[in-house]
Each structure stands twice: as structure tokens, then as C-alpha cells.
Amino acid sequence: MDRIAIVGGATLEGSIPISGAKNSAIKLMAASLLTDAPLRLTNMPRLADTRFLARLLRRLGTEVTEQDGVDGPETVLHTPEIVSAFASYDLVRQMRASFNVLGPLIARTGHAKVSLPGGCSIGARPVDLHLKALEALGAHIDLNEGYVYAQAPRGLKGARIEFPFVSVGATEHTLLAAVLARGETTLLNAAQEPEIEDLANCLNMMGARIEGAGTATIRVTGVDRLAGGDHAVVPDRIEAGTYAVAAAVTGGCVRLTNCRAEHIQALLSKLVEAGVEVTPTPDGVQIRRGPERLRSVDVVTDPYPGFATDLQAQFMALMTLAAGESVIRETVFENRFMHVPELARLGADITVHGGEARVRGVEALNGAQVMATDLRASVSLVIAGLAARGETVVHRVYHLDRGFERLEEKLSNCGADIRRLKGEEDAA
Ligand code: UD1
């Protein structure tokens with residue numbers, strides 16, 4: 001397994017281009033199952049997760065072509081017909097979002113057998129809301145031996161679906177099924193993340209009729225069929241937020257390009273409170289921090305437009321070096337503090353009670369061997385390593401490769417001392 005070695009202490013100077021959003025790209029790829037025409041996705045990130053999903057889609061009958069277009073990496077997905085409506089445990093367990101092929105498969109073929117998902121180990125992460133929504137749309141669902149067997153031989157039909165709490169995945173999954181259902185579907189208490197709006201924009205470009213995406217109430221009028229077309233993946237707000245925090249932790253000045261500052265407003269406000277200079281630019285945002293110490297700031301994670309849970313670990317790494325105590329409360333996922341013991345190995349002073357972490361800022365972190373546990377937690381270790389004295393080695397970086405494209409290159413182009421150590425087996 002690869003490791004990443006970082007010698008901390010360099011300030012970051014330069015610009016970092018932000019890639020297309022992983023969390024959007026994988027839902028858009030699933031959307032390609034809804035049409036027999038080609039869907040061309042531009043601004044595509046090249047990541048382990050998109051490769052996993054491509055492998056699954058090929059089994060279902062999709063021709064997946066990755067190419068370099070005039071505007072950078074793109075993927076063309078074409079499913080003339082569904083050759084198999086079966087997604088095996090082996091393929092779905094590697095990435096939880098693969099479960100989202102279930103909705104499109106039922107919508108297009110009237111039946112599917114899809115494994116219950118695995119994914120990041122951050123809490124139980126059930127899919128009950130997904131299944132209830134599909135049932136509301138008329139699918140008959142049976143669970144057996146870890147598989148979902150779904151049937152809707154006469155097609156899906158519109159329904160009123162009120163989510164008991166906000167779920168990004170369930171909102172997206174419902175959209176992916178409802179676009180081809182007969183009649184009207186209303187989603188209440190829908191997630192409002194930019195990735196939902198991106199998915200709705202793509203589906204509408206394909207001929208769907210979705211209104212209200214990006215708000216808590218979404219209305220879908222079903223159509224008989226969808227066409228293909230071209231769609232540019234929205235920039236990755238989590239990647240942008242991660243590099244914003246990296247710039248803040250090291251000091252220096254970094255311009256994030258090809259990103260949408262308004263999508264990370266909650267984070268940027270917290271950075272400003274902590275003493276970081278944030279300046280919008282025409283194609284992104286500039287992050288600058290002088291030599292003065294950061295102030296501690298409290299954070300509560302929430303669904304969008306609140307502070308993203310996917311930026312919580314990174315922000316905690318930043319707060320380990322701020323003056324004073326910061327309280328970080330996680331409300332979206334249980335068990336999302338697995339980075340805490342690893343940050344402690346670098347000298348961070350953090351205590352956790354339930355969903356709340358108290359971070360008492362220390363003067364300095366010291367490099368150590370640490371282990372990545374999930375995607376966002378692992379990048380928090382990279383951030384801490386950038387600021388720590390001496391060398392930090394992050395093990396199990398396959399977690400990072402799931403969601404961060406060319407991370408070492410992007411950071412080293414700005415002056416970070418970071419390199420990948422290839423292929424040695426972890427003893428753990
Ligand atoms: C997506 C993102 C993930 C992000 C999360 C919250 C992708 C691929 N992943 O995950 O990076 O951290 O949104 O912004 O887009 N829940 C249930 N039952 C369900 C569905 C969810 O109880 O059927 C719970 C989850 O366990 C969690 C909460 O709802 O506690 C929110 O989860 P959800 O918004 O669905 O997250 P994901 O879509 O899995």
C-alpha cells in the first residue's frame with residue numbers, strides 16, 4: 001500500500017486548480033443509466049471512486065470512455081441497453097454510492113438486484129430512506145442475504161415523499177428514480193447540497209422536468225424517456241475547502257481556481273473568524289494567512305448550507321494549532337472522530353465526548369507515523385503533517401486516492417514537501 005511522506009513547515013504559495021466534484025460525478029455517472037443515448041461529462045475528476053463505478057457500470061451494459069477533451073478530462077457513458085440489472089456485493093461494497101444504481105435500474109428496466117452498500121466506516125450509514133422512497137414510488141422491495149431485490153414491472157409512479165431528516169444520498173437516489181416515473185413526485189425536506197442541483201441540472205438537460213433543486217422542496221414531473229447530452233461536473237467544494245484549510249494551516253497565500261467560493265461559505269466565514277484573509281477572485285478564492293497565530297473557533301456540522309461534515313476533520317486539524325479551545329460538534333454522522341487519535345499522535349490535545357470534540361490548541365505539532373481511516377479523516381492528517389515539525393508518514397492512502405486527485409502534485413506545486421512512497425505493505 002502506498003504511503004505519503006510530508007516534511008512539515010513549508011508555507012504554501014501559488015495556485016491550485018480544483019477538480020470536478022467526486023460526490024457529483026458518481027451520481028451523474030449513475031444518471032447515464034437512465035438513457036440509451038451517450039452522456040458526456042466534462043470536468044471529470046479521475047479518482048479511485050470514479051474507476052470503481054465505471055467498472056460496475058460496464059457490467060450493467062455501459063460503454064465508458066475516458067478521454068481528454070478540449071476542456072480537460074471527460075467521460076462518455078453510453079448504455080444502449082441494460083445487459084444486467086445485478087450489482088454484486090464485490091462491486092458495491094467498495095463504494096457506498098454505487099448503491100445509487102438501484103433507482104435508475106428499476107426506472108429503466110422495472111427490476112434490479114443490488115447489494116446493500118459498504119463504504120466509509122463513519123457510523124452505521126443505513127439506506128432505509130432510499131428504500132422507503134423507492135417503495136413510495138411503487139417499487140416492491142425485498143431484502144435477502146444482503147441484497148435488495150426490487151420490482152416495478154409496470155413502472156414507477158409519482159408520489160409525495162417527506163424525508164424525516166436530510167439525506168443527500170436519499171434525495172439524489174429519489175431524483176434518479178422519479179424522473180422516469182409516471183406523474184408528479186414531490187420531495188419534502190430534501191437535501192440542498194450543490195451536488196443535488198448539479199444532478200438536477202444534468203437530468204433537466206437530458207429532458208427531465210425537475211424544479212426546486214437546491215431548496216428543501218423539489219418537484220419532479222415524470223417523462224417517458226431521457227436523451228443524452230453534455231454536462232460539466234460542478235467543482236469539488238470539499239477539495240476546495242480542504243486546500244483552503246491547508247493554506248491556512250501553513251500560512252502563505254494560495255489561489256484556488258475553477259471553484260465556487262459560495263459553495264464553501266460556511267467554511268470561509270469560520271476561516272475569517274480564525275484570522276485568515278479570504279478574498280474572492282473571478283474564478284475562485286484566495287486564502288492568505290500571515291505569521292500571527294490563528295484564533296480558535298467553534299464549529300457545528302450541518303447539512304448544506306451549514307458547515308460540511310466532510311470538512312470537519314480538516315478544520316479540526318487547523319484548530320489543533322490555534323490559540324485557545326475550540327469546540328467541534330458533529331451532527332451529521334456518528335463515529336466521525338476517527339482522526340482524533342491519529343492527530344493526537346502528532347501532539348494534538350483533543351478530547352471527545354459523544355458528538356463533541358474539544359480541541360485545545362498547542363504551540364506545535366511533531367511529525368509521526370499515522371494511519372488514514374477514511375477519506376476526509378486521512379486528508380486531515382496530511383493537513384496536520386504540512387504544519388508539523390519533521391516528517392509525517394500517512395499510511396493507507398488508498399482512502400485519499402478515493403477522493404483527492406493528484407493531491408501530492410497540487411500541494412508540492414505550491415511548495416509543500418510531500419511525496420508518495422510507492423507500494424510497501426503495511427504491517428497492520
Ligand atoms: C453524502 C456524501 C458524503 C457526505 C454526506 C453528508 C456522497 C457520495 N457522499 O453521503 O461525503 O459526508 O453526504 O453531507 O455524496 N441516513 C440514514 N438512512 C438513510 C440515509 C442516510 O439514516 O437511508 C443517515 C446517515 O447515516 C447520516 C445522515 O443520514 O447519519 C446523512 O447521510 P446522507 O446525507 O445520506 O449522506 P450520504 O449520501 O451517505
# chains A, B, ... in the order shown; residues from 1 in each chain; ligands from 1

call {"tool": "residues_near_ligand", "arguments": {"ligand": "ligand 1", "cutoff": "7 Å", "atoms": "only C-alpha atoms and all ligand atoms", "output": "count of residues only"}}
result
23

call {"tool": "residues_around", "arguments": {"residues": "Ala139 of chain A", "least_positions_apart": "5", "cutoff": "9 Å", "atoms": "only C-alpha atoms", "output": "PyMOL selection string"}}
result
chain A and resi 106+110-111+131+133-134+150-153+155-157

call {"tool": "residues_around", "arguments": {"residues": "Val254 of chain A", "least_positions_apart": "5", "cutoff": "8 Å", "atoms": "only C-alpha atoms", "output": "list in words"}}
result
Leu12, Glu13, Gly14, Ser15, Ile16, Ala244, Ala247, Gln286, Ile287, Arg288 and Cys414 of chain A

call {"tool": "residues_around", "arguments": {"residues": "Ala387 of chain A", "least_positions_apart": "2", "cutoff": "10 Å", "atoms": "only C-alpha atoms", "output": "PDB file with all heavy atoms, in the first residue's frame"}}
result
ATOM      1  N   ILE A   6       5.436  13.579   4.374  1.00  0.00           N
ATOM      2  CA  ILE A   6       5.381  15.047   4.341  1.00  0.00           C
ATOM      3  C   ILE A   6       6.421  15.562   5.329  1.00  0.00           C
ATOM      4  O   ILE A   6       6.469  15.102   6.472  1.00  0.00           O
ATOM      5  CB  ILE A   6       4.012  15.562   4.828  1.00  0.00           C
ATOM      6  CG1 ILE A   6       2.881  14.914   4.029  1.00  0.00           C
ATOM      7  CG2 ILE A   6       3.920  17.079   4.762  1.00  0.00           C
ATOM      8  CD1 ILE A   6       1.594  14.798   4.806  1.00  0.00           C
ATOM      9  N   VAL A   7       7.231  16.514   4.886  1.00  0.00           N
ATOM     10  CA  VAL A   7       8.081  17.221   5.842  1.00  0.00           C
ATOM     11  C   VAL A   7       7.422  18.578   6.053  1.00  0.00           C
ATOM     12  O   VAL A   7       7.278  19.377   5.115  1.00  0.00           O
ATOM     13  CB  VAL A   7       9.527  17.366   5.326  1.00  0.00           C
ATOM     14  CG1 VAL A   7      10.370  18.130   6.349  1.00  0.00           C
ATOM     15  CG2 VAL A   7      10.121  15.991   5.052  1.00  0.00           C
ATOM     16  N   GLY A   8       6.956  18.802   7.262  1.00  0.00           N
ATOM     17  CA  GLY A   8       6.151  19.993   7.539  1.00  0.00           C
ATOM     18  C   GLY A   8       6.977  21.256   7.614  1.00  0.00           C
ATOM     19  O   GLY A   8       8.209  21.214   7.657  1.00  0.00           O
ATOM     20  N   GLY A   9       6.272  22.378   7.595  1.00  0.00           N
ATOM     21  CA  GLY A   9       6.933  23.653   7.853  1.00  0.00           C
ATOM     22  C   GLY A   9       6.969  24.609   6.679  1.00  0.00           C
ATOM     23  O   GLY A   9       7.148  25.812   6.872  1.00  0.00           O
ATOM     24  N   ALA A  10       6.789  24.093   5.441  1.00  0.00           N
ATOM     25  CA  ALA A  10       6.832  24.998   4.290  1.00  0.00           C
ATOM     26  C   ALA A  10       5.536  25.808   4.216  1.00  0.00           C
ATOM     27  O   ALA A  10       4.454  25.257   4.430  1.00  0.00           O
ATOM     28  CB  ALA A  10       7.006  24.184   3.013  1.00  0.00           C
ATOM     29  N   THR A  11       5.647  27.102   3.928  1.00  0.00           N
ATOM     30  CA  THR A  11       4.416  27.871   3.680  1.00  0.00           C
ATOM     31  C   THR A  11       3.996  27.597   2.240  1.00  0.00           C
ATOM     32  O   THR A  11       4.830  27.331   1.374  1.00  0.00           O
ATOM     33  CB  THR A  11       4.635  29.385   3.867  1.00  0.00           C
ATOM     34  OG1 THR A  11       5.760  29.751   3.096  1.00  0.00           O
ATOM     35  CG2 THR A  11       4.848  29.761   5.306  1.00  0.00           C
ATOM     36  N   ALA A 246      -5.601  23.915   4.182  1.00  0.00           N
ATOM     37  CA  ALA A 246      -4.153  23.651   4.074  1.00  0.00           C
ATOM     38  C   ALA A 246      -3.385  24.964   4.002  1.00  0.00           C
ATOM     39  O   ALA A 246      -2.350  25.129   4.656  1.00  0.00           O
ATOM     40  CB  ALA A 246      -3.872  22.785   2.848  1.00  0.00           C
ATOM     41  N   ALA A 247      -3.894  25.917   3.220  1.00  0.00           N
ATOM     42  CA  ALA A 247      -3.223  27.224   3.106  1.00  0.00           C
ATOM     43  C   ALA A 247      -3.257  27.942   4.448  1.00  0.00           C
ATOM     44  O   ALA A 247      -2.291  28.590   4.845  1.00  0.00           O
ATOM     45  CB  ALA A 247      -3.907  28.066   2.028  1.00  0.00           C
ATOM     46  N   ALA A 248      -4.372  27.798   5.152  1.00  0.00           N
ATOM     47  CA  ALA A 248      -4.499  28.476   6.444  1.00  0.00           C
ATOM     48  C   ALA A 248      -3.548  27.870   7.475  1.00  0.00           C
ATOM     49  O   ALA A 248      -2.984  28.579   8.298  1.00  0.00           O
ATOM     50  CB  ALA A 248      -5.944  28.378   6.938  1.00  0.00           C
ATOM     51  N   VAL A 249      -3.350  26.569   7.415  1.00  0.00           N
ATOM     52  CA  VAL A 249      -2.519  25.927   8.449  1.00  0.00           C
ATOM     53  C   VAL A 249      -1.033  26.226   8.237  1.00  0.00           C
ATOM     54  O   VAL A 249      -0.268  26.341   9.191  1.00  0.00           O
ATOM     55  CB  VAL A 249      -2.800  24.404   8.524  1.00  0.00           C
ATOM     56  CG1 VAL A 249      -1.996  23.607   7.521  1.00  0.00           C
ATOM     57  CG2 VAL A 249      -2.552  23.859   9.925  1.00  0.00           C
ATOM     58  N   THR A 250      -0.626  26.358   6.969  1.00  0.00           N
ATOM     59  CA  THR A 250       0.808  26.572   6.716  1.00  0.00           C
ATOM     60  C   THR A 250       1.164  28.047   6.682  1.00  0.00           C
ATOM     61  O   THR A 250       2.332  28.399   6.801  1.00  0.00           O
ATOM     62  CB  THR A 250       1.225  25.983   5.345  1.00  0.00           C
ATOM     63  OG1 THR A 250       0.487  26.664   4.318  1.00  0.00           O
ATOM     64  CG2 THR A 250       0.981  24.497   5.282  1.00  0.00           C
ATOM     65  N   GLY A 251       0.150  28.905   6.459  1.00  0.00           N
ATOM     66  CA  GLY A 251       0.453  30.303   6.188  1.00  0.00           C
ATOM     67  C   GLY A 251       0.840  30.431   4.725  1.00  0.00           C
ATOM     68  O   GLY A 251       0.953  29.431   4.006  1.00  0.00           O
ATOM     69  N   ALA A 317      -7.968  19.707  12.336  1.00  0.00           N
ATOM     70  CA  ALA A 317      -6.502  19.731  12.218  1.00  0.00           C
ATOM     71  C   ALA A 317      -6.006  21.168  12.339  1.00  0.00           C
ATOM     72  O   ALA A 317      -4.992  21.438  12.991  1.00  0.00           O
ATOM     73  CB  ALA A 317      -6.072  19.117  10.882  1.00  0.00           C
ATOM     74  N   LEU A 318      -6.736  22.090  11.742  1.00  0.00           N
ATOM     75  CA  LEU A 318      -6.341  23.509  11.815  1.00  0.00           C
ATOM     76  C   LEU A 318      -6.422  24.017  13.253  1.00  0.00           C
ATOM     77  O   LEU A 318      -5.526  24.707  13.741  1.00  0.00           O
ATOM     78  CB  LEU A 318      -7.283  24.320  10.909  1.00  0.00           C
ATOM     79  CG  LEU A 318      -7.025  25.812  10.804  1.00  0.00           C
ATOM     80  CD1 LEU A 318      -5.713  26.062  10.062  1.00  0.00           C
ATOM     81  CD2 LEU A 318      -8.163  26.521  10.074  1.00  0.00           C
ATOM     82  N   LEU A 321      -3.775  23.879  16.237  1.00  0.00           N
ATOM     83  CA  LEU A 321      -2.672  24.841  16.382  1.00  0.00           C
ATOM     84  C   LEU A 321      -3.151  26.245  16.722  1.00  0.00           C
ATOM     85  O   LEU A 321      -2.346  27.178  16.790  1.00  0.00           O
ATOM     86  CB  LEU A 321      -1.843  24.851  15.086  1.00  0.00           C
ATOM     87  CG  LEU A 321      -0.985  23.594  14.881  1.00  0.00           C
ATOM     88  CD1 LEU A 321      -0.514  23.471  13.447  1.00  0.00           C
ATOM     89  CD2 LEU A 321       0.200  23.620  15.839  1.00  0.00           C
ATOM     90  N   ALA A 364       2.847  23.626  18.808  1.00  0.00           N
ATOM     91  CA  ALA A 364       3.409  22.958  17.624  1.00  0.00           C
ATOM     92  C   ALA A 364       2.990  21.498  17.596  1.00  0.00           C
ATOM     93  O   ALA A 364       2.730  20.897  18.636  1.00  0.00           O
ATOM     94  CB  ALA A 364       4.935  23.054  17.670  1.00  0.00           C
ATOM     95  N   LEU A 365       2.908  20.949  16.389  1.00  0.00           N
ATOM     96  CA  LEU A 365       2.726  19.501  16.211  1.00  0.00           C
ATOM     97  C   LEU A 365       4.081  18.919  15.817  1.00  0.00           C
ATOM     98  O   LEU A 365       4.922  19.627  15.248  1.00  0.00           O
ATOM     99  CB  LEU A 365       1.704  19.224  15.107  1.00  0.00           C
ATOM    100  CG  LEU A 365       0.271  19.733  15.327  1.00  0.00           C
ATOM    101  CD1 LEU A 365      -0.562  19.496  14.065  1.00  0.00           C
ATOM    102  CD2 LEU A 365      -0.380  19.055  16.528  1.00  0.00           C
ATOM    103  N   ASN A 366       4.258  17.643  16.080  1.00  0.00           N
ATOM    104  CA  ASN A 366       5.509  16.977  15.702  1.00  0.00           C
ATOM    105  C   ASN A 366       5.197  15.783  14.808  1.00  0.00           C
ATOM    106  O   ASN A 366       4.284  15.011  15.100  1.00  0.00           O
ATOM    107  CB  ASN A 366       6.252  16.492  16.950  1.00  0.00           C
ATOM    108  CG  ASN A 366       6.756  17.674  17.749  1.00  0.00           C
ATOM    109  OD1 ASN A 366       7.530  18.498  17.253  1.00  0.00           O
ATOM    110  ND2 ASN A 366       6.279  17.800  18.969  1.00  0.00           N
ATOM    111  N   GLY A 367       5.954  15.645  13.731  1.00  0.00           N
ATOM    112  CA  GLY A 367       5.718  14.585  12.754  1.00  0.00           C
ATOM    113  C   GLY A 367       5.711  13.203  13.389  1.00  0.00           C
ATOM    114  O   GLY A 367       6.386  12.965  14.393  1.00  0.00           O
ATOM    115  N   VAL A 382      -2.887  14.793   6.480  1.00  0.00           N
ATOM    116  CA  VAL A 382      -1.973  15.481   5.556  1.00  0.00           C
ATOM    117  C   VAL A 382      -1.868  16.954   5.966  1.00  0.00           C
ATOM    118  O   VAL A 382      -0.775  17.526   6.021  1.00  0.00           O
ATOM    119  CB  VAL A 382      -2.471  15.354   4.098  1.00  0.00           C
ATOM    120  CG1 VAL A 382      -1.646  16.234   3.162  1.00  0.00           C
ATOM    121  CG2 VAL A 382      -2.430  13.904   3.652  1.00  0.00           C
ATOM    122  N   ILE A 383      -3.011  17.560   6.282  1.00  0.00           N
ATOM    123  CA  ILE A 383      -3.010  18.977   6.675  1.00  0.00           C
ATOM    124  C   ILE A 383      -2.167  19.173   7.936  1.00  0.00           C
ATOM    125  O   ILE A 383      -1.330  20.082   8.007  1.00  0.00           O
ATOM    126  CB  ILE A 383      -4.462  19.457   6.876  1.00  0.00           C
ATOM    127  CG1 ILE A 383      -5.119  19.601   5.504  1.00  0.00           C
ATOM    128  CG2 ILE A 383      -4.518  20.773   7.650  1.00  0.00           C
ATOM    129  CD1 ILE A 383      -6.588  19.898   5.551  1.00  0.00           C
ATOM    130  N   ALA A 384      -2.386  18.298   8.912  1.00  0.00           N
ATOM    131  CA  ALA A 384      -1.612  18.420  10.149  1.00  0.00           C
ATOM    132  C   ALA A 384      -0.128  18.201   9.851  1.00  0.00           C
ATOM    133  O   ALA A 384       0.732  18.922  10.374  1.00  0.00           O
ATOM    134  CB  ALA A 384      -2.115  17.402  11.173  1.00  0.00           C
ATOM    135  N   GLY A 385       0.170  17.248   8.961  1.00  0.00           N
ATOM    136  CA  GLY A 385       1.560  16.960   8.604  1.00  0.00           C
ATOM    137  C   GLY A 385       2.245  18.150   7.936  1.00  0.00           C
ATOM    138  O   GLY A 385       3.443  18.373   8.112  1.00  0.00           O
ATOM    139  N   ARG A 389       6.331  19.766  12.813  1.00  0.00           N
ATOM    140  CA  ARG A 389       7.794  19.794  12.704  1.00  0.00           C
ATOM    141  C   ARG A 389       8.261  18.396  12.323  1.00  0.00           C
ATOM    142  O   ARG A 389       7.794  17.408  12.883  1.00  0.00           O
ATOM    143  CB  ARG A 389       8.409  20.155  14.057  1.00  0.00           C
ATOM    144  CG  ARG A 389       8.248  21.623  14.392  1.00  0.00           C
ATOM    145  CD  ARG A 389       9.126  21.994  15.560  1.00  0.00           C
ATOM    146  NE  ARG A 389       8.659  21.365  16.780  1.00  0.00           N
ATOM    147  CZ  ARG A 389       8.378  22.039  17.908  1.00  0.00           C
ATOM    148  NH1 ARG A 389       8.522  23.347  17.962  1.00  0.00           N
ATOM    149  NH2 ARG A 389       7.977  21.404  18.984  1.00  0.00           N
ATOM    150  N   GLY A 390       9.159  18.301  11.352  1.00  0.00           N
ATOM    151  CA  GLY A 390       9.716  16.997  10.982  1.00  0.00           C
ATOM    152  C   GLY A 390       8.813  16.228  10.033  1.00  0.00           C
ATOM    153  O   GLY A 390       7.924  16.801   9.400  1.00  0.00           O
ATOM    154  N   THR A 392       6.050  13.477   8.704  1.00  0.00           N
ATOM    155  CA  THR A 392       4.836  12.700   8.985  1.00  0.00           C
ATOM    156  C   THR A 392       4.657  11.710   7.845  1.00  0.00           C
ATOM    157  O   THR A 392       4.785  12.093   6.672  1.00  0.00           O
ATOM    158  CB  THR A 392       3.604  13.633   9.061  1.00  0.00           C
ATOM    159  OG1 THR A 392       3.792  14.522  10.156  1.00  0.00           O
ATOM    160  CG2 THR A 392       2.305  12.853   9.249  1.00  0.00           C
ATOM    161  N   ALA A 416       4.923  22.643  -0.951  1.00  0.00           N
ATOM    162  CA  ALA A 416       4.911  21.660   0.143  1.00  0.00           C
ATOM    163  C   ALA A 416       5.945  20.569  -0.134  1.00  0.00           C
ATOM    164  O   ALA A 416       6.187  20.215  -1.295  1.00  0.00           O
ATOM    165  CB  ALA A 416       3.525  21.035   0.269  1.00  0.00           C
TER     166      ALA A 416
END

call {"tool": "atom_distance", "arguments": {"atom1": "atom CA of Asp90 of chain A", "atom2": "atom CA of Glu405 of chain A"}}
result
24.0 Å

call {"tool": "residues_around", "arguments": {"residues": "Ala232 of chain A", "least_positions_apart": "4", "cutoff": "12 Å", "atoms": "only C-alpha atoms", "output": "mmCIF file with N, CA, C and O atoms, in the first residue's frame"}}
result
data_model
loop_
_atom_site.group_PDB
_atom_site.id
_atom_site.type_symbol
_atom_site.label_atom_id
_atom_site.label_comp_id
_atom_site.auth_asym_id
_atom_site.auth_seq_id
_atom_site.Cartn_x
_atom_site.Cartn_y
_atom_site.Cartn_z
ATOM 1 N N SER A 19 -10.647 20.266 -8.957
ATOM 2 C CA SER A 19 -11.216 19.300 -9.909
ATOM 3 C C SER A 19 -12.743 19.272 -9.810
ATOM 4 O O SER A 19 -13.330 19.893 -8.925
ATOM 5 N N GLY A 20 -13.365 18.520 -10.709
ATOM 6 C CA GLY A 20 -14.802 18.297 -10.624
ATOM 7 C C GLY A 20 -15.123 17.508 -9.359
ATOM 8 O O GLY A 20 -14.289 16.752 -8.855
ATOM 9 N N ALA A 21 -16.344 17.691 -8.853
ATOM 10 C CA ALA A 21 -16.709 17.106 -7.558
ATOM 11 C C ALA A 21 -16.893 15.597 -7.665
ATOM 12 O O ALA A 21 -17.736 15.117 -8.432
ATOM 13 N N SER A 24 -20.451 14.547 -6.942
ATOM 14 C CA SER A 24 -21.392 14.805 -8.013
ATOM 15 C C SER A 24 -21.140 13.823 -9.157
ATOM 16 O O SER A 24 -22.076 13.219 -9.699
ATOM 17 N N ALA A 25 -19.878 13.664 -9.512
ATOM 18 C CA ALA A 25 -19.519 12.844 -10.676
ATOM 19 C C ALA A 25 -20.109 11.439 -10.579
ATOM 20 O O ALA A 25 -20.648 10.916 -11.561
ATOM 21 N N LEU A 28 -23.794 11.506 -11.305
ATOM 22 C CA LEU A 28 -24.028 11.803 -12.723
ATOM 23 C C LEU A 28 -23.740 10.569 -13.576
ATOM 24 O O LEU A 28 -24.443 10.300 -14.560
ATOM 25 N N MET A 29 -22.710 9.824 -13.189
ATOM 26 C CA MET A 29 -22.404 8.598 -13.924
ATOM 27 C C MET A 29 -23.577 7.624 -13.806
ATOM 28 O O MET A 29 -23.976 6.986 -14.785
ATOM 29 N N LEU A 39 -24.023 10.142 -22.735
ATOM 30 C CA LEU A 39 -23.928 11.299 -21.839
ATOM 31 C C LEU A 39 -22.440 11.631 -21.709
ATOM 32 O O LEU A 39 -21.644 10.774 -21.337
ATOM 33 N N ARG A 40 -22.098 12.881 -22.045
ATOM 34 C CA ARG A 40 -20.678 13.275 -21.953
ATOM 35 C C ARG A 40 -20.493 14.188 -20.748
ATOM 36 O O ARG A 40 -21.098 15.259 -20.679
ATOM 37 N N LEU A 41 -19.697 13.730 -19.792
ATOM 38 C CA LEU A 41 -19.437 14.513 -18.580
ATOM 39 C C LEU A 41 -18.058 15.137 -18.689
ATOM 40 O O LEU A 41 -17.059 14.412 -18.835
ATOM 41 N N THR A 42 -18.010 16.466 -18.637
ATOM 42 C CA THR A 42 -16.720 17.161 -18.675
ATOM 43 C C THR A 42 -16.362 17.611 -17.261
ATOM 44 O O THR A 42 -17.173 17.504 -16.340
ATOM 45 N N ASN A 43 -15.142 18.130 -17.090
ATOM 46 C CA ASN A 43 -14.614 18.489 -15.764
ATOM 47 C C ASN A 43 -14.685 17.283 -14.820
ATOM 48 O O ASN A 43 -14.994 17.404 -13.643
ATOM 49 N N MET A 44 -14.384 16.108 -15.371
ATOM 50 C CA MET A 44 -14.454 14.879 -14.574
ATOM 51 C C MET A 44 -13.196 14.703 -13.731
ATOM 52 O O MET A 44 -12.085 14.809 -14.246
ATOM 53 N N PRO A 45 -13.361 14.391 -12.451
ATOM 54 C CA PRO A 45 -12.179 14.026 -11.662
ATOM 55 C C PRO A 45 -11.781 12.594 -12.011
ATOM 56 O O PRO A 45 -12.640 11.785 -12.350
ATOM 57 N N GLY A 69 -10.610 15.926 -23.298
ATOM 58 C CA GLY A 69 -11.324 16.849 -24.177
ATOM 59 C C GLY A 69 -10.607 18.187 -24.216
ATOM 60 O O GLY A 69 -9.569 18.364 -23.576
ATOM 61 N N ASP A 71 -11.489 20.851 -22.823
ATOM 62 C CA ASP A 71 -11.519 21.479 -21.502
ATOM 63 C C ASP A 71 -11.008 20.558 -20.403
ATOM 64 O O ASP A 71 -11.348 20.719 -19.249
ATOM 65 N N GLY A 72 -10.233 19.536 -20.774
ATOM 66 C CA GLY A 72 -9.692 18.654 -19.744
ATOM 67 C C GLY A 72 -10.352 17.293 -19.753
ATOM 68 O O GLY A 72 -11.000 16.903 -20.738
ATOM 69 N N PRO A 73 -10.219 16.542 -18.652
ATOM 70 C CA PRO A 73 -10.698 15.162 -18.639
ATOM 71 C C PRO A 73 -12.219 15.053 -18.756
ATOM 72 O O PRO A 73 -12.947 15.818 -18.115
ATOM 73 N N GLU A 74 -12.649 14.142 -19.597
ATOM 74 C CA GLU A 74 -14.095 13.918 -19.728
ATOM 75 C C GLU A 74 -14.363 12.424 -19.847
ATOM 76 O O GLU A 74 -13.477 11.639 -20.164
ATOM 77 N N THR A 75 -15.611 12.069 -19.563
ATOM 78 C CA THR A 75 -16.016 10.665 -19.651
ATOM 79 C C THR A 75 -17.324 10.584 -20.431
ATOM 80 O O THR A 75 -18.254 11.346 -20.151
ATOM 81 N N VAL A 76 -17.350 9.700 -21.410
ATOM 82 C CA VAL A 76 -18.586 9.482 -22.157
ATOM 83 C C VAL A 76 -19.169 8.155 -21.700
ATOM 84 O O VAL A 76 -18.467 7.139 -21.660
ATOM 85 N N GLU A 195 -24.368 19.475 -5.033
ATOM 86 C CA GLU A 195 -24.331 18.271 -5.884
ATOM 87 C C GLU A 195 -25.744 17.861 -6.310
ATOM 88 O O GLU A 195 -25.925 17.244 -7.359
ATOM 89 N N ASP A 198 -26.566 20.086 -9.134
ATOM 90 C CA ASP A 198 -25.795 19.672 -10.305
ATOM 91 C C ASP A 198 -26.463 18.476 -10.978
ATOM 92 O O ASP A 198 -26.611 18.431 -12.204
ATOM 93 N N LEU A 199 -26.906 17.516 -10.162
ATOM 94 C CA LEU A 199 -27.583 16.337 -10.714
ATOM 95 C C LEU A 199 -28.876 16.749 -11.413
ATOM 96 O O LEU A 199 -29.161 16.306 -12.535
ATOM 97 N N ASN A 201 -29.613 19.659 -12.698
ATOM 98 C CA ASN A 201 -29.295 20.390 -13.936
ATOM 99 C C ASN A 201 -28.959 19.427 -15.065
ATOM 100 O O ASN A 201 -29.390 19.610 -16.209
ATOM 101 N N CYS A 202 -28.189 18.402 -14.731
ATOM 102 C CA CYS A 202 -27.824 17.422 -15.759
ATOM 103 C C CYS A 202 -29.070 16.677 -16.242
ATOM 104 O O CYS A 202 -29.296 16.519 -17.443
ATOM 105 N N MET A 205 -31.129 18.825 -18.418
ATOM 106 C CA MET A 205 -30.507 18.918 -19.748
ATOM 107 C C MET A 205 -30.860 17.671 -20.572
ATOM 108 O O MET A 205 -31.046 17.732 -21.777
ATOM 109 N N ASP A 236 -15.396 20.716 -7.096
ATOM 110 C CA ASP A 236 -15.462 19.988 -5.824
ATOM 111 C C ASP A 236 -15.294 20.951 -4.646
ATOM 112 O O ASP A 236 -14.190 21.437 -4.371
ATOM 113 N N ASN A 258 -10.926 27.618 -10.532
ATOM 114 C CA ASN A 258 -12.013 26.742 -11.000
ATOM 115 C C ASN A 258 -12.837 26.230 -9.829
ATOM 116 O O ASN A 258 -13.182 25.060 -9.754
#

call {"tool": "atom_distance", "arguments": {"atom1": "atom CA of Ile26 of chain A", "atom2": "atom CA of Val340 of chain A"}}
result
28.7 Å

call {"tool": "residues_around", "arguments": {"residues": "segment 208-213 of chain A", "least_positions_apart": "3", "cutoff": "8 Å", "atoms": "only C-alpha atoms", "output": "list of chain:residue names"}}
result
A:Val179, A:Leu180, A:Gln192, A:Ile196, A:Glu197, A:Ala200, A:Leu203, A:Asn204, A:Met205, A:Ala216, A:Thr217, A:Ile218, A:Arg219, A:Val220, A:Thr221, A:Gly222, A:Val223, A:Leu226

call {"tool": "select_by_dssp", "arguments": {"residues": "segment 246-313 of chain A", "states": "helix (DSSP H, G or I)", "output": "list in words"}}
result
Ala246, Ala247, Ala248, Val249, Thr250, Ala261, Glu262, His263, Ile264, Gln265, Ala266, Leu267, Leu268, Ser269, Lys270, Leu271, Val272, Glu273, Ala274, Thr309, Asp310, Leu311, Gln312 and Ala313 of chain A

call {"tool": "select_by_dssp", "arguments": {"residues": "segment 49-245 of chain A", "states": "strand (DSSP E or B)", "output": "PyMOL selection string"}}
result
chain A and resi 63-69+72-78+86-87+111-115+140-144+147-151+157+160-162+182+184-188+209-211+213+215+217-221+229-232+235

call {"tool": "closest_residue", "arguments": {"among": "A:Leu91, A:Val300, A:Ala323, A:Ala274", "to": "Phe52 of chain A", "atoms": "only C-alpha atoms"}}
result
A:Leu91
